[in-house]
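Text of input_17.cif, listed as mmCIF, C-alpha atoms:
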data_query
#
loop_
_atom_site.group_PDB
_atom_site.id
_atom_site.type_symbol
_atom_site.label_atom_id
_atom_site.label_comp_id
_atom_site.auth_asym_id
_atom_site.auth_seq_id
_atom_site.Cartn_x
_atom_site.Cartn_y
_atom_site.Cartn_z
ATOM 1 C CA SER A 325 -6.242 21.983 -15.178
ATOM 2 C CA GLY A 326 -2.513 21.926 -15.943
ATOM 3 C CA GLU A 327 -1.566 18.662 -17.599
ATOM 4 C CA TYR A 328 -4.618 16.667 -16.455
ATOM 5 C CA ARG A 329 -8.183 16.215 -17.680
ATOM 6 C CA PHE A 330 -11.263 14.278 -16.626
ATOM 7 C CA ASP A 331 -12.813 11.570 -18.759
ATOM 8 C CA ILE A 332 -15.075 8.547 -18.555
ATOM 9 C CA SER A 333 -13.745 5.030 -19.038
ATOM 10 C CA LYS A 334 -15.785 1.846 -19.228
ATOM 11 C CA TYR A 335 -15.874 -1.915 -19.003
ATOM 12 C CA ASP A 336 -17.947 -3.619 -21.679
ATOM 13 C CA ALA A 337 -20.326 -6.431 -20.817
ATOM 14 C CA TYR A 338 -18.361 -9.566 -19.871
ATOM 15 C CA GLU A 339 -15.017 -7.798 -20.161
ATOM 16 C CA VAL A 340 -12.727 -9.389 -17.579
ATOM 17 C CA PHE A 341 -10.867 -7.027 -15.227
ATOM 18 C CA HIS A 342 -8.894 -7.075 -11.982
ATOM 19 C CA CYS A 343 -11.648 -6.346 -9.469
ATOM 20 C CA ASP A 344 -10.006 -6.576 -6.040
ATOM 21 C CA GLU A 345 -6.738 -7.060 -4.212
ATOM 22 C CA SER A 346 -5.010 -10.368 -4.849
ATOM 23 C CA VAL A 347 -5.311 -12.945 -2.066
ATOM 24 C CA ALA A 348 -2.643 -15.111 -0.455
ATOM 25 C CA PHE A 349 -2.918 -18.697 -1.605
ATOM 26 C CA TYR A 350 0.019 -20.968 -0.742
ATOM 27 C CA GLU A 351 3.538 -20.251 0.486
ATOM 28 C CA GLY A 352 3.135 -16.555 -0.245
ATOM 29 C CA LEU A 353 1.729 -17.011 -3.742
ATOM 30 C CA MET A 354 -0.902 -14.421 -4.630
ATOM 31 C CA LEU A 355 -3.995 -15.159 -6.678
ATOM 32 C CA PRO A 356 -5.571 -12.268 -8.623
ATOM 33 C CA ARG A 357 -9.291 -11.600 -8.216
ATOM 34 C CA ILE A 358 -10.986 -11.049 -11.536
ATOM 35 C CA GLY A 359 -14.563 -10.169 -12.391
ATOM 36 C CA ALA A 360 -16.935 -9.023 -15.108
ATOM 37 C CA PHE A 361 -20.323 -7.318 -15.408
ATOM 38 C CA ASP A 362 -23.194 -8.551 -17.537
ATOM 39 C CA HIS A 363 -23.672 -4.966 -18.750
ATOM 40 C CA GLN A 364 -21.502 -1.994 -19.647
ATOM 41 C CA VAL A 365 -20.183 -0.039 -16.647
ATOM 42 C CA SER A 366 -18.688 3.463 -16.782
ATOM 43 C CA PHE A 367 -16.463 5.172 -14.212
ATOM 44 C CA PRO A 368 -14.582 8.484 -13.883
ATOM 45 C CA VAL A 369 -10.862 8.727 -14.602
ATOM 46 C CA LEU A 370 -8.165 11.380 -14.600
ATOM 47 C CA LEU A 371 -5.825 11.384 -17.600
ATOM 48 C CA ASP A 372 -2.370 12.902 -17.948
ATOM 49 C CA GLU A 373 -1.092 14.751 -21.030
ATOM 50 C CA GLU A 374 -0.394 11.414 -22.746
ATOM 51 C CA ASP A 375 -3.962 10.215 -22.048
ATOM 52 C CA ILE A 376 -2.763 7.654 -19.532
ATOM 53 C CA ILE A 377 -5.103 6.956 -16.605
ATOM 54 C CA ILE A 378 -3.436 8.101 -13.386
ATOM 55 C CA LYS A 379 -6.482 8.205 -11.089
ATOM 56 C CA SER A 380 -9.833 6.459 -11.247
ATOM 57 C CA VAL A 381 -12.827 5.320 -9.242
ATOM 58 C CA ASP A 382 -13.215 1.909 -10.831
ATOM 59 C CA PRO A 383 -14.360 -1.342 -9.168
ATOM 60 C CA PHE A 384 -10.795 -2.224 -8.180
ATOM 61 C CA ASP A 385 -10.262 1.141 -6.482
ATOM 62 C CA ILE A 386 -13.630 0.948 -4.735
ATOM 63 C CA ASN A 387 -13.027 -2.571 -3.415
ATOM 64 C CA THR A 388 -9.434 -2.020 -2.307
ATOM 65 C CA THR A 389 -10.394 1.176 -0.468
ATOM 66 C CA GLN A 390 -13.338 -0.309 1.429
ATOM 67 C CA GLU A 391 -11.360 -1.657 4.390
ATOM 68 C CA GLY A 392 -9.744 1.737 4.895
ATOM 69 C CA ILE A 393 -13.160 3.388 4.844
ATOM 70 C CA ASP A 394 -14.595 0.899 7.326
ATOM 71 C CA ARG A 395 -11.799 1.575 9.818
ATOM 72 C CA ALA A 396 -11.982 5.380 9.573
ATOM 73 C CA GLU A 397 -13.119 7.166 12.735
ATOM 74 C CA GLY A 398 -12.669 10.420 14.599
ATOM 75 C CA ASN A 399 -10.254 12.989 13.202
ATOM 76 C CA VAL A 400 -8.913 11.405 10.005
ATOM 77 C CA LEU A 401 -5.735 12.041 8.021
ATOM 78 C CA ALA A 402 -5.660 10.933 4.363
ATOM 79 C CA LEU A 403 -2.360 10.710 2.486
ATOM 80 C CA GLY A 404 -3.085 11.370 -1.170
ATOM 81 C CA CYS A 405 -6.199 12.848 -2.713
ATOM 82 C CA GLY A 406 -6.926 10.756 -5.790
ATOM 83 C CA LEU A 407 -10.390 11.645 -7.058
ATOM 84 C CA GLY A 408 -11.665 12.022 -3.511
ATOM 85 C CA TYR A 409 -13.406 8.660 -3.167
ATOM 86 C CA PHE A 410 -11.946 7.843 0.254
ATOM 87 C CA ALA A 411 -12.515 11.391 1.529
ATOM 88 C CA TYR A 412 -16.142 11.336 0.396
ATOM 89 C CA MET A 413 -16.965 7.907 1.808
ATOM 90 C CA ALA A 414 -15.245 8.677 5.117
ATOM 91 C CA ALA A 415 -16.933 12.088 5.388
ATOM 92 C CA ILE A 416 -20.438 10.637 5.226
ATOM 93 C CA LYS A 417 -19.724 8.390 8.226
ATOM 94 C CA ASP A 418 -21.269 9.629 11.469
ATOM 95 C CA ASN A 419 -18.236 8.554 13.515
ATOM 96 C CA VAL A 420 -15.831 10.660 11.426
ATOM 97 C CA SER A 421 -15.556 14.252 12.659
ATOM 98 C CA HIS A 422 -13.132 15.676 10.106
ATOM 99 C CA ILE A 423 -10.785 14.655 7.281
ATOM 100 C CA THR A 424 -7.504 16.332 6.410
ATOM 101 C CA VAL A 425 -6.208 15.366 2.969
ATOM 102 C CA VAL A 426 -2.474 15.793 2.332
ATOM 103 C CA GLU A 427 -1.640 16.022 -1.371
ATOM 104 C CA GLU A 428 1.656 17.153 -2.902
ATOM 105 C CA ASN A 429 0.424 17.854 -6.453
ATOM 106 C CA GLY A 430 -1.069 21.327 -6.765
ATOM 107 C CA ASP A 431 -2.871 20.533 -10.040
ATOM 108 C CA ILE A 432 -4.624 17.577 -8.424
ATOM 109 C CA ILE A 433 -5.708 19.803 -5.541
ATOM 110 C CA ASN A 434 -7.057 22.466 -7.902
ATOM 111 C CA LEU A 435 -9.088 19.902 -9.830
ATOM 112 C CA PHE A 436 -10.458 18.381 -6.645
ATOM 113 C CA GLU A 437 -11.392 21.662 -4.978
ATOM 114 C CA LYS A 438 -12.881 23.191 -8.155
ATOM 115 C CA TYR A 439 -14.852 20.312 -9.646
ATOM 116 C CA ILE A 440 -15.221 17.475 -7.139
ATOM 117 C CA LEU A 441 -15.358 18.798 -3.577
ATOM 118 C CA PRO A 442 -18.256 21.237 -4.242
ATOM 119 C CA GLN A 443 -20.438 18.218 -5.101
ATOM 120 C CA PHE A 444 -19.906 16.603 -1.671
ATOM 121 C CA GLU A 445 -22.781 17.113 0.762
ATOM 122 C CA MET A 446 -20.292 16.860 3.671
ATOM 123 C CA LYS A 447 -17.636 19.105 2.092
ATOM 124 C CA ASP A 448 -17.270 21.195 5.278
ATOM 125 C CA LYS A 449 -15.744 18.143 6.968
ATOM 126 C CA ILE A 450 -12.851 18.051 4.464
ATOM 127 C CA THR A 451 -9.675 20.169 4.434
ATOM 128 C CA VAL A 452 -6.932 19.839 1.800
ATOM 129 C CA ILE A 453 -3.292 20.665 2.552
ATOM 130 C CA GLN A 454 -0.563 20.799 -0.083
ATOM 131 C CA SER A 455 2.511 19.135 1.367
ATOM 132 C CA ASP A 456 4.995 16.344 0.865
ATOM 133 C CA PRO A 457 3.456 13.435 2.842
ATOM 134 C CA TYR A 458 6.792 12.304 4.285
ATOM 135 C CA GLU A 459 7.625 15.784 5.577
ATOM 136 C CA PHE A 460 4.101 16.194 6.938
ATOM 137 C CA LEU A 461 4.319 12.915 8.862
ATOM 138 C CA ALA A 462 7.826 13.652 10.134
ATOM 139 C CA LYS A 463 6.592 16.869 11.798
ATOM 140 C CA LEU A 464 3.258 15.436 12.956
ATOM 141 C CA ASP A 465 2.576 15.110 16.689
ATOM 142 C CA ASP A 466 1.214 11.746 17.735
ATOM 143 C CA GLY A 467 -2.441 11.999 18.762
ATOM 144 C CA LYS A 468 -3.406 14.961 16.585
ATOM 145 C CA TYR A 469 -5.304 12.538 14.355
ATOM 146 C CA ASP A 470 -7.110 9.375 15.385
ATOM 147 C CA TYR A 471 -6.686 7.542 12.097
ATOM 148 C CA CYS A 472 -4.447 7.795 9.034
ATOM 149 C CA TYR A 473 -5.117 6.190 5.677
ATOM 150 C CA SER A 474 -2.525 6.062 2.911
ATOM 151 C CA GLU A 475 -4.111 6.333 -0.528
ATOM 152 C CA PHE A 476 -0.865 5.286 -2.184
ATOM 153 C CA SER A 477 -1.338 1.806 -3.623
ATOM 154 C CA ALA A 478 1.210 -0.081 -1.570
ATOM 155 C CA ASP A 479 1.713 -2.877 -4.087
ATOM 156 C CA GLU A 480 2.575 -0.421 -6.905
ATOM 157 C CA ASN A 481 5.556 1.034 -5.049
ATOM 158 C CA VAL A 482 6.820 -1.162 -2.253
ATOM 159 C CA GLY A 483 9.588 1.333 -1.492
ATOM 160 C CA THR A 484 7.001 4.027 -0.746
ATOM 161 C CA TYR A 485 5.084 1.627 1.509
ATOM 162 C CA ILE A 486 8.240 0.675 3.422
ATOM 163 C CA ARG A 487 9.214 4.317 3.897
ATOM 164 C CA LEU A 488 5.744 5.299 5.132
ATOM 165 C CA LYS A 489 5.632 2.264 7.441
ATOM 166 C CA SER A 490 8.972 3.233 8.946
ATOM 167 C CA ILE A 491 7.929 6.863 9.537
ATOM 168 C CA CYS A 492 4.545 5.859 10.987
ATOM 169 C CA SER A 493 6.113 3.393 13.434
ATOM 170 C CA LYS A 494 6.549 6.362 15.822
ATOM 171 C CA PHE A 495 2.788 6.769 16.195
ATOM 172 C CA SER A 496 1.096 4.914 19.046
ATOM 173 C CA LYS A 497 -2.055 7.006 19.434
ATOM 174 C CA MET A 498 -2.905 7.244 15.717
ATOM 175 C CA LYS A 499 -4.059 4.122 13.903
ATOM 176 C CA VAL A 500 -2.530 3.772 10.432
ATOM 177 C CA ALA A 501 -3.825 1.787 7.439
ATOM 178 C CA TYR A 502 -2.362 1.313 3.976
ATOM 179 C CA LYS A 503 -4.186 0.676 0.721
ATOM 180 C CA GLN A 504 -3.459 -2.831 -0.609
ATOM 181 C CA GLU A 505 -1.143 -3.631 2.289
ATOM 182 C CA SER A 506 -1.564 -7.399 1.942
ATOM 183 C CA SER A 507 -0.217 -7.251 -1.607
ATOM 184 C CA ALA A 508 2.678 -5.056 -0.490
ATOM 185 C CA LEU A 509 3.592 -7.492 2.279
ATOM 186 C CA ALA A 510 3.501 -10.347 -0.227
ATOM 187 C CA ALA A 511 5.876 -8.388 -2.472
ATOM 188 C CA VAL A 512 8.244 -7.707 0.433
ATOM 189 C CA ARG A 513 8.119 -11.394 1.347
ATOM 190 C CA PHE A 514 9.053 -12.264 -2.230
ATOM 191 C CA TYR A 515 11.999 -9.843 -2.220
ATOM 192 C CA ILE A 516 13.182 -11.270 1.118
ATOM 193 C CA LEU A 517 13.054 -14.752 -0.378
ATOM 194 C CA MET A 518 15.036 -13.555 -3.405
ATOM 195 C CA GLN A 519 17.635 -12.003 -1.107
ATOM 196 C CA MET A 520 17.938 -15.297 0.748
ATOM 197 C CA ILE A 521 18.390 -17.174 -2.520
ATOM 198 C CA THR A 522 21.203 -14.865 -3.617
ATOM 199 C CA GLY A 523 23.094 -16.063 -0.558
ATOM 200 C CA TYR A 524 23.550 -19.433 -2.225
ATOM 201 C CA SER A 525 26.303 -20.196 -4.702
ATOM 202 C CA ALA A 526 25.988 -19.203 -8.349
ATOM 203 C CA SER A 527 25.428 -22.842 -9.297
ATOM 204 C CA ASP A 528 22.494 -23.103 -6.881
ATOM 205 C CA ILE A 529 20.925 -20.008 -8.424
ATOM 206 C CA ARG A 530 21.409 -21.334 -11.961
ATOM 207 C CA GLY A 531 19.648 -24.518 -10.930
ATOM 208 C CA LEU A 532 16.696 -22.596 -9.553
ATOM 209 C CA SER A 533 16.634 -20.430 -12.660
ATOM 210 C CA THR A 534 15.551 -23.417 -14.733
ATOM 211 C CA PHE A 535 12.205 -23.073 -13.003
ATOM 212 C CA LEU A 536 12.051 -19.311 -12.505
ATOM 213 C CA SER A 537 13.174 -16.371 -14.594
ATOM 214 C CA GLU A 538 16.748 -15.250 -13.983
ATOM 215 C CA ASP A 539 15.444 -11.682 -13.760
ATOM 216 C CA LEU A 540 14.011 -12.583 -10.354
ATOM 217 C CA PHE A 541 17.448 -13.265 -8.948
ATOM 218 C CA TYR A 542 19.391 -10.387 -10.451
ATOM 219 C CA THR A 543 16.841 -7.636 -10.165
ATOM 220 C CA GLU A 544 18.194 -4.219 -9.255
ATOM 221 C CA SER A 545 14.797 -2.575 -8.916
ATOM 222 C CA GLU A 546 14.385 0.195 -6.369
ATOM 223 C CA ASP A 547 11.976 -1.909 -4.314
ATOM 224 C CA TYR A 548 14.370 -4.858 -4.224
ATOM 225 C CA LEU A 549 17.275 -2.634 -3.156
ATOM 226 C CA VAL A 550 15.165 -1.147 -0.345
ATOM 227 C CA VAL A 551 14.402 -4.635 0.996
ATOM 228 C CA LYS A 552 18.054 -5.650 0.553
ATOM 229 C CA ASP A 553 19.143 -2.699 2.687
ATOM 230 C CA MET A 554 16.484 -3.585 5.276
ATOM 231 C CA LEU A 555 18.054 -7.044 5.668
ATOM 232 C CA LYS A 556 21.678 -5.923 5.870
ATOM 233 C CA ASP A 557 21.928 -6.709 9.620
ATOM 234 C CA VAL A 558 19.996 -9.982 9.465
ATOM 235 C CA VAL A 559 21.989 -13.212 9.771
ATOM 236 C CA ILE A 560 20.290 -16.493 8.888
ATOM 237 C CA ASN A 561 21.889 -19.779 9.914
ATOM 238 C CA ASN A 562 19.116 -22.379 9.833
ATOM 239 C CA ARG A 563 15.743 -23.316 8.405
ATOM 240 C CA ASP A 564 13.752 -22.004 11.371
ATOM 241 C CA GLN A 565 15.218 -18.557 10.809
ATOM 242 C CA ILE A 566 14.225 -18.712 7.140
ATOM 243 C CA ASP A 567 10.636 -19.442 8.155
ATOM 244 C CA TYR A 568 10.805 -16.696 10.759
ATOM 245 C CA TYR A 569 11.811 -13.963 8.359
ATOM 246 C CA LEU A 570 9.206 -15.060 5.806
ATOM 247 C CA ASP A 571 6.401 -14.784 8.366
ATOM 248 C CA THR A 572 4.062 -11.838 7.722
ATOM 249 C CA GLU A 573 4.060 -10.544 11.315
ATOM 250 C CA ASN A 574 7.853 -10.650 11.531
ATOM 251 C CA ILE A 575 8.090 -8.841 8.190
ATOM 252 C CA LYS A 576 6.013 -6.084 9.792
ATOM 253 C CA HIS A 577 8.583 -5.905 12.617
ATOM 254 C CA LEU A 578 11.301 -5.429 10.009
ATOM 255 C CA LEU A 579 9.305 -2.689 8.292
ATOM 256 C CA ASP A 580 8.875 -0.891 11.609
ATOM 257 C CA GLY A 581 12.645 -0.782 11.893
ATOM 258 C CA ALA A 582 12.877 -3.405 14.623
ATOM 259 C CA VAL A 583 15.240 -6.169 13.511
ATOM 260 C CA VAL A 584 14.442 -8.848 16.065
ATOM 261 C CA SER A 585 16.111 -12.245 15.924
ATOM 262 C CA PRO A 586 14.060 -15.442 16.397
ATOM 263 C CA THR A 587 16.148 -16.373 19.455
ATOM 264 C CA SER A 588 15.639 -13.085 21.287
ATOM 265 C CA THR A 589 11.911 -13.105 20.552
ATOM 266 C CA GLN A 590 11.510 -16.641 21.860
ATOM 267 C CA GLU A 591 13.441 -15.754 25.015
ATOM 268 C CA GLU A 592 11.190 -12.732 25.605
ATOM 269 C CA GLU A 593 8.097 -14.911 25.243
ATOM 270 C CA LYS A 594 9.472 -17.461 27.723
ATOM 271 C CA GLY A 595 10.311 -14.647 30.138
ATOM 272 C CA GLY A 596 6.775 -13.366 29.839
ATOM 273 C CA GLU A 597 5.361 -16.786 30.643
ATOM 274 C CA LYS A 598 7.409 -17.017 33.839
ATOM 275 C CA SER A 599 6.204 -13.675 35.086
#
Encoded form using structure tokens:
Amino acid sequence: SGEYRFDISKYDAYEVFHCDESVAFYEGLMLPRIGAFDHQVSFPVLLDEEDIIIKSVDPFDINTTQEGIDRAEGNVLALGCGLGYFAYMAAIKDNVSHITVVEENGDIINLFEKYILPQFEMKDKITVIQSDPYEFLAKLDDGKYDYCYSEFSADENVGTYIRLKSICSKFSKMKVAYKQESSALAAVRFYILMQMITGYSASDIRGLSTFLSEDLFYTESEDYLVVKDMLKDVVINNRDQIDYYLDTENIKHLLDGAVVSPTSTQEEEKGGEKS
């Protein structure tokens, strides 16, 4: 259909592959999870016109989607179609009443509805809408859906994750989950650290660059620029504030558009204790 085609890919016996989301280790460092089978394993993929895999249902995709599937309940909204793995697994859950899949690419929708969806035993629980996900969310009334799951791999495009997180901060009745969010938060934390480092003098940066690649400090990637803009109103004067803005929960506050200083937060907590 269009520029895409289905195929089967495989892992040979004892071939090492990235099998799950990386895990936080120390000071924000992420350790990759790798695995291997003792036999050959095949899995479906979708290839573009250059035969590059753009969608798959491989062990990594299955494992990184599982948490989103476990949390799905009620009337579910899925951002992105993929090959329908999340939609299928959510649809077979008794506590899921319906799933609305929002996908922007018409060719992907045609492939899904023609070849994949008819094979689902719970296909009547799934509706596909062609729409830009950002525009769909911007017009969405809070409470129409009970749960939203973003199929976009957050760690592959941190800018997309940040934008979705900002838009979804308006929802209080709908629970929202993001694929590979832990990895995305680790990436944001890294970019925040890099932005802090660029506040030092050029000589300080050159000294650090003996241990780390200079590319880390002078990156002009889209993701880095998004984080840089996010921090434009943040002023850091001491070590405690550095720790504060590198904390995962406070990074989430930043992503929700709430730039809260350590001092004001501490004062609010003290006020709460008095009451």
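With only C-alpha atoms as the atoms that count, the residue of A:Pro368, A:Gly408, A:Gly467, A:Gly359 with the shortest distance to A:Phe444 is A:Gly408.
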Figure out the distance between atom CA of A:Asn419 and atom CA of A:Lys497, please, to one decimal in Å.
17.3 Å
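Running the PyMOL selection byres ((chain A and resi 341) around 10) on this file leaves Tyr335, Tyr338, Glu339, Val340, His342, Cys343, Asp344, Pro356, Arg357, Ile358, Gly359, Ala360, Phe361, Pro383 and Phe384 of chain A selected.
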For A:Glu428, find every residue with an atom within 6 Å (counting all atoms listed in the file), except residues of its own chain fewer than 5 positions away, and show them as a PyMOL selection string.
chain A and resi 454-456
So, counting all atoms listed in the file, which residue among A:His577, A:His363, A:His422, A:Lys503 is closest to A:Thr484?
A:Lys503
Can you tell me, as JSON, numbers by chain, what residues are no more than 8 Å from A:Val381 when counting only C-alpha atoms, ignoring any on the same chain fewer than 2 positions away?
{"A": [367, 368, 369, 379, 383, 384, 385, 386, 407, 409]}
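Our summary of the geometry notes that atom CA of A:Tyr569 is positioned 29.2 Å from atom CA of A:Pro457.
Of note, atom CA of A:Tyr412 and atom CA of A:Ile450 are spaced 8.5 Å apart.
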Do you know which residues the PyMOL selection byres ((chain A and resi 509) around 10) returns on this file, as a short mmCIF file (atom, residue, chain, number, x, y, z; two decimals) with C-alpha atoms, keeping the file's coordinate frame?
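What ended up in result04.cif:
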data_model
loop_
_atom_site.label_atom_id
_atom_site.label_comp_id
_atom_site.auth_asym_id
_atom_site.auth_seq_id
_atom_site.Cartn_x
_atom_site.Cartn_y
_atom_site.Cartn_z
CA GLY A 352 3.14 -16.56 -0.24
CA ALA A 478 1.21 -0.08 -1.57
CA ASP A 479 1.71 -2.88 -4.09
CA VAL A 482 6.82 -1.16 -2.25
CA TYR A 485 5.08 1.63 1.51
CA ILE A 486 8.24 0.68 3.42
CA GLN A 504 -3.46 -2.83 -0.61
CA GLU A 505 -1.14 -3.63 2.29
CA SER A 506 -1.56 -7.40 1.94
CA SER A 507 -0.22 -7.25 -1.61
CA ALA A 508 2.68 -5.06 -0.49
CA ALA A 510 3.50 -10.35 -0.23
CA ALA A 511 5.88 -8.39 -2.47
CA VAL A 512 8.24 -7.71 0.43
CA ARG A 513 8.12 -11.39 1.35
CA PHE A 514 9.05 -12.26 -2.23
CA TYR A 515 12.00 -9.84 -2.22
CA ASP A 571 6.40 -14.78 8.37
CA THR A 572 4.06 -11.84 7.72
CA GLU A 573 4.06 -10.54 11.32
CA ILE A 575 8.09 -8.84 8.19
CA LYS A 576 6.01 -6.08 9.79
CA LEU A 579 9.30 -2.69 8.29
#
